[in-house]
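Written out below as structure tokens is the structure these notes cover.
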There are 2 protein chains.
Amino acid sequence: MAISNLQKARAAYQPKLPKALQGPVKAVEGAATQSVGNQAEIKELFPNTYGMPVITFEAGEPVELPPFNVGIILSGGQAPGGHNVISGLFDGVKSLNPANKLYGFILGPGGLVDHNYMEITADIMDKYRNTGGFDIIGSGRTKLEEVDQFEKGIQILRELNIKALVIIGGDDSNTNACVLAEYYAAKKYGVQVIGCPKTIDGDLKNEQIETSFGFDTACKTYSELIGNIQRDCNSARKYWHFIKVMGRSASHIALECALQCQPNICLISEEVEAKAMSLDDVVTYIANAVAKRAEEGNNFGTVVIPEGIIEFIPAIKKLIAELNDVLALPEAQSINSGNEQIEFVKRHLSKENLNVFKSLPSDVAAQLALDRDPHGNVQVSLIETEKLLSRMVADKLAIWKHQDKYVGKFGTQHHFFGYEGRCAAPSNYDADYCYSLGYNASRLIANGKTGYMSIIKNTTAPAAEWIAGGVPITMMMNLEKRNGKMKPVIRKALVELDGAPFKYFAAHRDEWAKETAYVYPGPIQYWGPTEVCDQPTKTLLLEKAK
Amino acid sequence: MAISNLQKARAAYQPKLPKALQGPVKAVEGAATQSVGNQAEIKELFPNTYGMPVITFEAGEPVELPPFNVGIILSGGQAPGGHNVISGLFDGVKSLNPANKLYGFILGPGGLVDHNYMEITADIMDKYRNTGGFDIIGSGRTKLEEVDQFEKGIQILRELNIKALVIIGGDDSNTNACVLAEYYAAKKYGVQVIGCPKTIDGDLKNEQIETSFGFDTACKTYSELIGNIQRDCNSARKYWHFIKVMGRSASHIALECALQCQPNICLISEEVEAKAMSLDDVVTYIANAVAKRAEEGNNFGTVVIPEGIIEFIPAIKKLIAELNDVLALPEAQSINSGNEQIEFVKRHLSKENLNVFKSLPSDVAAQLALDRDPHGNVQVSLIETEKLLSRMVADKLAIWKHQDKYVGKFGTQHHFFGYEGRCAAPSNYDADYCYSLGYNASRLIANGKTGYMSIIKNTTAPAAEWIAGGVPITMMMNLEKRNGKMKPVIRKALVELDGAPFKYFAAHRDEWAKETAYVYPGPIQYWGPTEVCDQPTKTLLLEKAK
């Protein structure tokens, strides 16, 4: 297998560990915990895993442990650093007893249910240290929710003599990890379940979790590209670049990229929703900035757009909700032609939503009325928001030009960055953070913990000073409506409009819109000055500085 | 002005120079040269700049020179390293006499004609060392072709006491630089003109020019992204990614990315043309690879596509040529509706071209029949080739599925990389190469040369061993038809199907198509092991190894 020179050189990198994890540990327990909401209900749902203390590891005495095996699952979308969680876990497990084995379940949680697994040996592991991607065992989106799945899981776990299962995933996967931990604890199956906070979207964080892994690397990769585009933009001086970045549920990625690159405009979905902005408000906001720059002869700029923006515009959200209902009507099922379906939709929408529907460019309206996913829902993700917005801005500017309110040229280019960053090789930060998360998980396992998430805190300090430990997953839960039913879930962290990162952005964005204040972060560096190689995200630095 | 930590650290980088340029030089002249074609005609067109010898610089004695000023122009599309050509020229010019001044003409050749310029002082220069982009003075696409422009140019050149003008550009801009050099020489205006080989496309190279600057950095940036996508592809195992990269006239970028990343498929426009492949041939080629991988359960892969592929398919090329004629017919000018225009086109196309037209997906056919540029030509660049191909592959696979010739799933994602790489911060290679090109240009000026291109050779060796000199631009010229007229132009370097890079690719591609042999190059590194930081392109290494 040919590998790149960078892979060869990075394979030799030994990720840093917190001081407490560099030798034998003892678990220091804090006070009993409560869930962040719906405490009575959560306690009732998780009688065996509720209320446990937060754990901090400190230096301790060596303990002899009998050999044990561990299983690992990668769940959901890829994030840089997944392989380092596994290598940290591998090294941690082997350090406890070289006879311990690590099994990987293949292609996600489905591998557990279908008994599809492989042993991760030292030879295999060494090929994946400090690399991006989840390809060592693959990932998948099967949700572990049913008793039947749990029971199928225990069969293979017992067969492989697995003492603990580590699930690497986002908020949903960690919620399910806790449900599984609770189930196995209730059944006294003797298998522990530990979660690890993963998602490039950055929306799995709270008082206990500083950041989800992968966010750092993905944002830096997107920022490299946005910076490059901004250089081009400022050299050619003839295009407005509309740049969409991943992040459907939260705008952390867009915000971090804005903090890194200082684009002329960055939209934040959470703000659009909080201010109840209409699509026209959003378009007007952009068009105003374009017009102001044009007054000074600057017919170029950059607009960073979070993937989920459309669904955060309250009027569109309502429209989509009603469209889902209308398209589910029995009469709608027998319609054969597209035009007929659009007419049907128009007849059945409420007046308010019909007006919103009519305000959309016709092809976007058609897309909303026609394309449905296998569950019959409108496929919002198919809408090329970056093109939709740029076209609507162009239309508005054309009107303004006619009214002598705008003098300028408006040429556009479009970009969407998602897959470009999810599997980048982890930055030094993510390489160390992930390795520590995995290594730390082995200590939670050795200490008999279940229903915990592996956590590493104080990560803006040098790695030696990082704090390792565990947090009961139930502590982060509340009840939320999902598909019409109240379910226990880990509360998603949206961009807080009174949080330090957004406030910094809001304090500077008018200046960035007017001036050309672009910053060019460049590619992630692994060697070289520490200011270049070892910085956490601006989001995290601002959050910690408050 | 906020700058990134990487910019701060890179500002301190001192690019390497060939040994010969590290002190005073003497110019060693080779034999008289001939143009690569049409020698009699080129000689007649360039009586003052034809036949000059190739120059090589060697260590020489210091020479006292009176102070002189130099002008610089960035022409055409951005390429990483432009600022380093300027900083090399700046340092070179100042080293000859600190009183020498460097003037930049703003926004390209138009700045010379419109007398739009600025002095590049040490303070300004220091802000741009080792950075990407052309934003120090901007670039533009005005072509210097008319006597009127040359005369306007000489006014400002005289006013600023400029002894020599350096033009950084691609093949066309360097051709025009030579026309200007010839004109000023014929008129005895006493202003020298020197060219520098720039283009990310890599199609300005020949026996004398090893590579155009920017190709290295741009290809490495695209390869970083393609590698990241391949990791994702190999982790999720559910999509075929169709990745288009810049390169309309030549496929060097696609080929270099393929050599770096080993995608399942890479199309090479020059091969498609040489084999006279039809669009259906191309689609069938891809579909076959998809079907073969599906047989082994691998419903994922990557396809790298050069931007210009469509225009290299002979049948499409013919269709476009006839479409341009048909749409230029007087009767076509009064058509108001799209449908009418499509019908008009269908009535007027020859039978052969009509069949090709009908074979295209209807929206692509409509795009070809409707969208025209300001010169009335079909806008081929608007066609999203990556989507066109993936859709046609999907259609073909659907038919094969029906015929039990294909069993699998075909999900797709699309990407286009262009602006993402044109203004990346230059790699060490491009930083050194460009600085040397610029520094070397100052020596050509000091030696009184005009109509030369600055060249640096032997660049696969350490920088100290690089060979610096100059090549008469006429040596690279021949006559080619442009807009119906024979014109002297620098011969464009297409991918040679019997060249070492293509042959290496062709020898491995079947294996790459079948296996998942992805290589993940990762981001450009500036510090760290030399195997990681200082490698030239695979294209250049293979060309030199032959």
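Residues are named by chain letter and number: chains run A, B, ... in the order of the structure tokens, numbers start at 1 in each chain, and ligands are numbered from 1 in the order shown.
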At most 8 Å to chain B: residues in chain A, only C-alpha atoms, as a ChimeraX atom specification: /A:1-7,9,77-78,107,132-140,225-226,228-229,231-232,234-237,419-425,517-529,531-532
What's around Ala446 of chain B at 9 Å? Count only C-alpha atoms, leave out sequence neighbours fewer than 4 positions away in its own chain, and write the answer as a PDB file with all heavy atoms, in the first residue's frame.
ATOM      1  N   LEU B  65      26.739  49.608 -11.390  1.00  0.00           N
ATOM      2  CA  LEU B  65      25.714  50.030 -12.350  1.00  0.00           C
ATOM      3  C   LEU B  65      25.070  51.337 -11.870  1.00  0.00           C
ATOM      4  O   LEU B  65      24.857  51.507 -10.671  1.00  0.00           O
ATOM      5  CB  LEU B  65      24.614  48.972 -12.460  1.00  0.00           C
ATOM      6  CG  LEU B  65      24.893  47.687 -13.242  1.00  0.00           C
ATOM      7  CD1 LEU B  65      23.730  46.736 -13.103  1.00  0.00           C
ATOM      8  CD2 LEU B  65      25.142  47.998 -14.712  1.00  0.00           C
ATOM      9  N   VAL B  93      16.896  43.764  -7.478  1.00  0.00           N
ATOM     10  CA  VAL B  93      17.067  45.122  -7.983  1.00  0.00           C
ATOM     11  C   VAL B  93      17.758  45.993  -6.939  1.00  0.00           C
ATOM     12  O   VAL B  93      18.678  46.764  -7.250  1.00  0.00           O
ATOM     13  CB  VAL B  93      15.672  45.685  -8.378  1.00  0.00           C
ATOM     14  CG1 VAL B  93      15.711  47.193  -8.500  1.00  0.00           C
ATOM     15  CG2 VAL B  93      15.204  45.052  -9.679  1.00  0.00           C
ATOM     16  N   LEU B  96      21.497  45.432  -6.513  1.00  0.00           N
ATOM     17  CA  LEU B  96      22.357  46.042  -7.536  1.00  0.00           C
ATOM     18  C   LEU B  96      22.643  47.499  -7.200  1.00  0.00           C
ATOM     19  O   LEU B  96      23.730  48.012  -7.453  1.00  0.00           O
ATOM     20  CB  LEU B  96      21.681  45.942  -8.911  1.00  0.00           C
ATOM     21  CG  LEU B  96      21.563  44.509  -9.451  1.00  0.00           C
ATOM     22  CD1 LEU B  96      20.617  44.455 -10.644  1.00  0.00           C
ATOM     23  CD2 LEU B  96      22.937  43.967  -9.844  1.00  0.00           C
ATOM     24  N   ALA B 441      15.453  37.624 -12.789  1.00  0.00           N
ATOM     25  CA  ALA B 441      15.002  38.642 -13.753  1.00  0.00           C
ATOM     26  C   ALA B 441      15.819  39.923 -13.580  1.00  0.00           C
ATOM     27  O   ALA B 441      16.166  40.588 -14.567  1.00  0.00           O
ATOM     28  CB  ALA B 441      13.505  38.915 -13.556  1.00  0.00           C
ATOM     29  N   SER B 442      16.162  40.246 -12.319  1.00  0.00           N
ATOM     30  CA  SER B 442      16.961  41.461 -12.098  1.00  0.00           C
ATOM     31  C   SER B 442      18.341  41.340 -12.752  1.00  0.00           C
ATOM     32  O   SER B 442      18.907  42.331 -13.214  1.00  0.00           O
ATOM     33  CB  SER B 442      17.108  41.737 -10.592  1.00  0.00           C
ATOM     34  OG  SER B 442      18.065  40.856 -10.003  1.00  0.00           O
TER      35      SER B 442
END
Contact residues around Phe242 of chain B with only C-alpha atoms at 8 Å, ignoring same-chain residues under 3 positions, as a PyMOL selection string: chain B and resi 302-305+386-387+390+412-415
Based on the selection just made, write N, CA and C atoms of those residues as a PDB file, in the first residue's frame.
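Saved to again-v2.pdb:
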ATOM      1  N   THR B 302     -13.727   7.373  -6.511  1.00  0.00           N
ATOM      2  CA  THR B 302     -13.438   8.759  -6.858  1.00  0.00           C
ATOM      3  C   THR B 302     -13.092   8.874  -8.338  1.00  0.00           C
ATOM      4  N   VAL B 303     -13.585   9.951  -8.936  1.00  0.00           N
ATOM      5  CA  VAL B 303     -13.329  10.232 -10.346  1.00  0.00           C
ATOM      6  C   VAL B 303     -12.803  11.660 -10.441  1.00  0.00           C
ATOM      7  N   VAL B 304     -11.607  11.820 -10.944  1.00  0.00           N
ATOM      8  CA  VAL B 304     -11.033  13.155 -11.130  1.00  0.00           C
ATOM      9  C   VAL B 304     -11.210  13.564 -12.588  1.00  0.00           C
ATOM     10  N   ILE B 305     -11.750  14.773 -12.770  1.00  0.00           N
ATOM     11  CA  ILE B 305     -12.135  15.228 -14.113  1.00  0.00           C
ATOM     12  C   ILE B 305     -11.497  16.574 -14.408  1.00  0.00           C
ATOM     13  N   GLU B 386     -18.925  17.681 -14.009  1.00  0.00           N
ATOM     14  CA  GLU B 386     -18.909  16.618 -13.011  1.00  0.00           C
ATOM     15  C   GLU B 386     -20.317  16.072 -12.776  1.00  0.00           C
ATOM     16  N   LYS B 387     -21.316  16.948 -12.830  1.00  0.00           N
ATOM     17  CA  LYS B 387     -22.703  16.489 -12.646  1.00  0.00           C
ATOM     18  C   LYS B 387     -23.244  15.840 -13.911  1.00  0.00           C
ATOM     19  N   SER B 390     -21.778  12.304 -14.004  1.00  0.00           N
ATOM     20  CA  SER B 390     -22.300  11.384 -12.989  1.00  0.00           C
ATOM     21  C   SER B 390     -23.749  11.003 -13.312  1.00  0.00           C
ATOM     22  N   THR B 412     -23.930   9.689  -5.390  1.00  0.00           N
ATOM     23  CA  THR B 412     -22.848  10.566  -5.857  1.00  0.00           C
ATOM     24  C   THR B 412     -22.733  11.859  -5.043  1.00  0.00           C
ATOM     25  N   GLN B 413     -21.541  12.391  -5.036  1.00  0.00           N
ATOM     26  CA  GLN B 413     -21.248  13.725  -4.508  1.00  0.00           C
ATOM     27  C   GLN B 413     -20.374  14.435  -5.541  1.00  0.00           C
ATOM     28  N   HIS B 414     -20.470  15.754  -5.574  1.00  0.00           N
ATOM     29  CA  HIS B 414     -19.742  16.514  -6.600  1.00  0.00           C
ATOM     30  C   HIS B 414     -18.905  17.623  -5.981  1.00  0.00           C
ATOM     31  N   HIS B 415     -17.765  17.867  -6.609  1.00  0.00           N
ATOM     32  CA  HIS B 415     -16.842  18.896  -6.108  1.00  0.00           C
ATOM     33  C   HIS B 415     -16.173  19.572  -7.303  1.00  0.00           C
TER      34      HIS B 415
END
Residue set, segment 34-243 of chain B restricted to strand (DSSP E or B), as a ChimeraX atom specification: /B:55-59,69-75,101-105,117-119,140,162-169,192-198,213,240-243
Long-range neighbours of Asn440 of chain B as a VMD selection string, 7 Å cut-off, only C-alpha atoms, 2 positions minimum in chain: chain B and resid 436 to 438 442 to 444 454 468 to 469
Can you write just those residues out, C-alpha atoms, as a PDB file, in the first residue's frame?
ATOM      1  CA  SER B 436      14.690  32.784  -7.797  1.00  0.00           C
ATOM      2  CA  LEU B 437      12.750  33.624 -10.984  1.00  0.00           C
ATOM      3  CA  GLY B 438      12.276  37.200  -9.770  1.00  0.00           C
ATOM      4  CA  SER B 442      16.961  41.461 -12.098  1.00  0.00           C
ATOM      5  CA  ARG B 443      20.170  39.911 -13.440  1.00  0.00           C
ATOM      6  CA  LEU B 444      18.745  39.641 -16.958  1.00  0.00           C
ATOM      7  CA  SER B 454      13.534  34.301 -16.739  1.00  0.00           C
ATOM      8  CA  ALA B 468      19.604  30.301 -13.517  1.00  0.00           C
ATOM      9  CA  GLY B 469      19.428  32.078 -16.835  1.00  0.00           C
TER      10      GLY B 469
END
Test item: residues at most 9 Å from segment 124-128 of chain B, only C-alpha atoms, excluding those fewer than 5 positions along its chain, as a ChimeraX atom specification: /B:11,83-84,86-87,90,119,135-136
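Shortest atom-to-atom contact with Thr537 of chain A among A:Glu151, A:Asp510, A:Asp373, A:Asp430: A:Asp430, counting only C-alpha atoms.
Closest approach to Pro536 of chain B from the set B:Glu210, B:Glu343, B:Asp114, B:Glu29 is made by B:Glu210, with distances taken over only C-alpha atoms.
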Atom CA of Ile162 of chain B to atom CA of Gly297 of chain A, straight-line distance in Å: 29.2 Å
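Neighbours of Val63 of chain A closer than or equal to 12 Å, with only C-alpha atoms counted and sequence neighbours fewer than 4 positions away skipped, come out as Gly23, Pro24, Val25, Lys26, Ser95, Leu96, Asn97, Arg443, Ala446 and Asn447 of chain A.
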Atoms to include: C-alpha atoms. Write the selected residues as a PDB file, in the first residue's frame.
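Wrote it out as result15.pdb, contents follow:
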ATOM      1  CA  GLY A  23       1.290   6.656  34.877  1.00  0.00           C
ATOM      2  CA  PRO A  24      -1.090   4.665  37.078  1.00  0.00           C
ATOM      3  CA  VAL A  25      -4.237   6.583  38.019  1.00  0.00           C
ATOM      4  CA  LYS A  26      -6.730   6.805  40.814  1.00  0.00           C
ATOM      5  CA  SER A  95      -0.622  -0.765  28.950  1.00  0.00           C
ATOM      6  CA  LEU A  96      -2.939  -2.323  31.535  1.00  0.00           C
ATOM      7  CA  ASN A  97      -2.147  -5.803  30.298  1.00  0.00           C
ATOM      8  CA  ARG A 443      -8.903   4.122  32.544  1.00  0.00           C
ATOM      9  CA  ALA A 446     -10.323  -0.251  34.291  1.00  0.00           C
ATOM     10  CA  ASN A 447     -12.167   1.591  37.049  1.00  0.00           C
TER      11      ASN A 447
END
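Across the model, the gap from atom CA of Leu204 of chain B to atom CA of Ile154 of chain B is 27.7 Å.
In terms of minimum interatomic distance to Gly51 of chain A, A:Ile473 ranks closest within A:Leu354, A:Ile473, A:Val380, A:Leu267, counting only C-alpha atoms.
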Contacts of Asp371 of chain B within 10 Å, only C-alpha atoms, excl. fewer than 5 positions in-chain, as a ChimeraX atom specification: /B:338,366,376-380,382
For those residues, write C-alpha atoms to a file as a CSV table (one decimal), in the first residue's frame.
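What follows is the written file selection.csv:
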chain,number,residue,atom,x,y,z
B,338,GLY,CA,-35.8,29.6,-25.2
B,366,ALA,CA,-30.6,23.7,-23.5
B,376,GLY,CA,-21.9,35.2,-28.9
B,377,ASN,CA,-20.1,31.9,-28.2
B,378,VAL,CA,-21.5,28.9,-26.4
B,379,GLN,CA,-20.4,29.1,-22.7
B,380,VAL,CA,-18.9,25.7,-22.3
B,382,LEU,CA,-21.0,26.9,-17.4
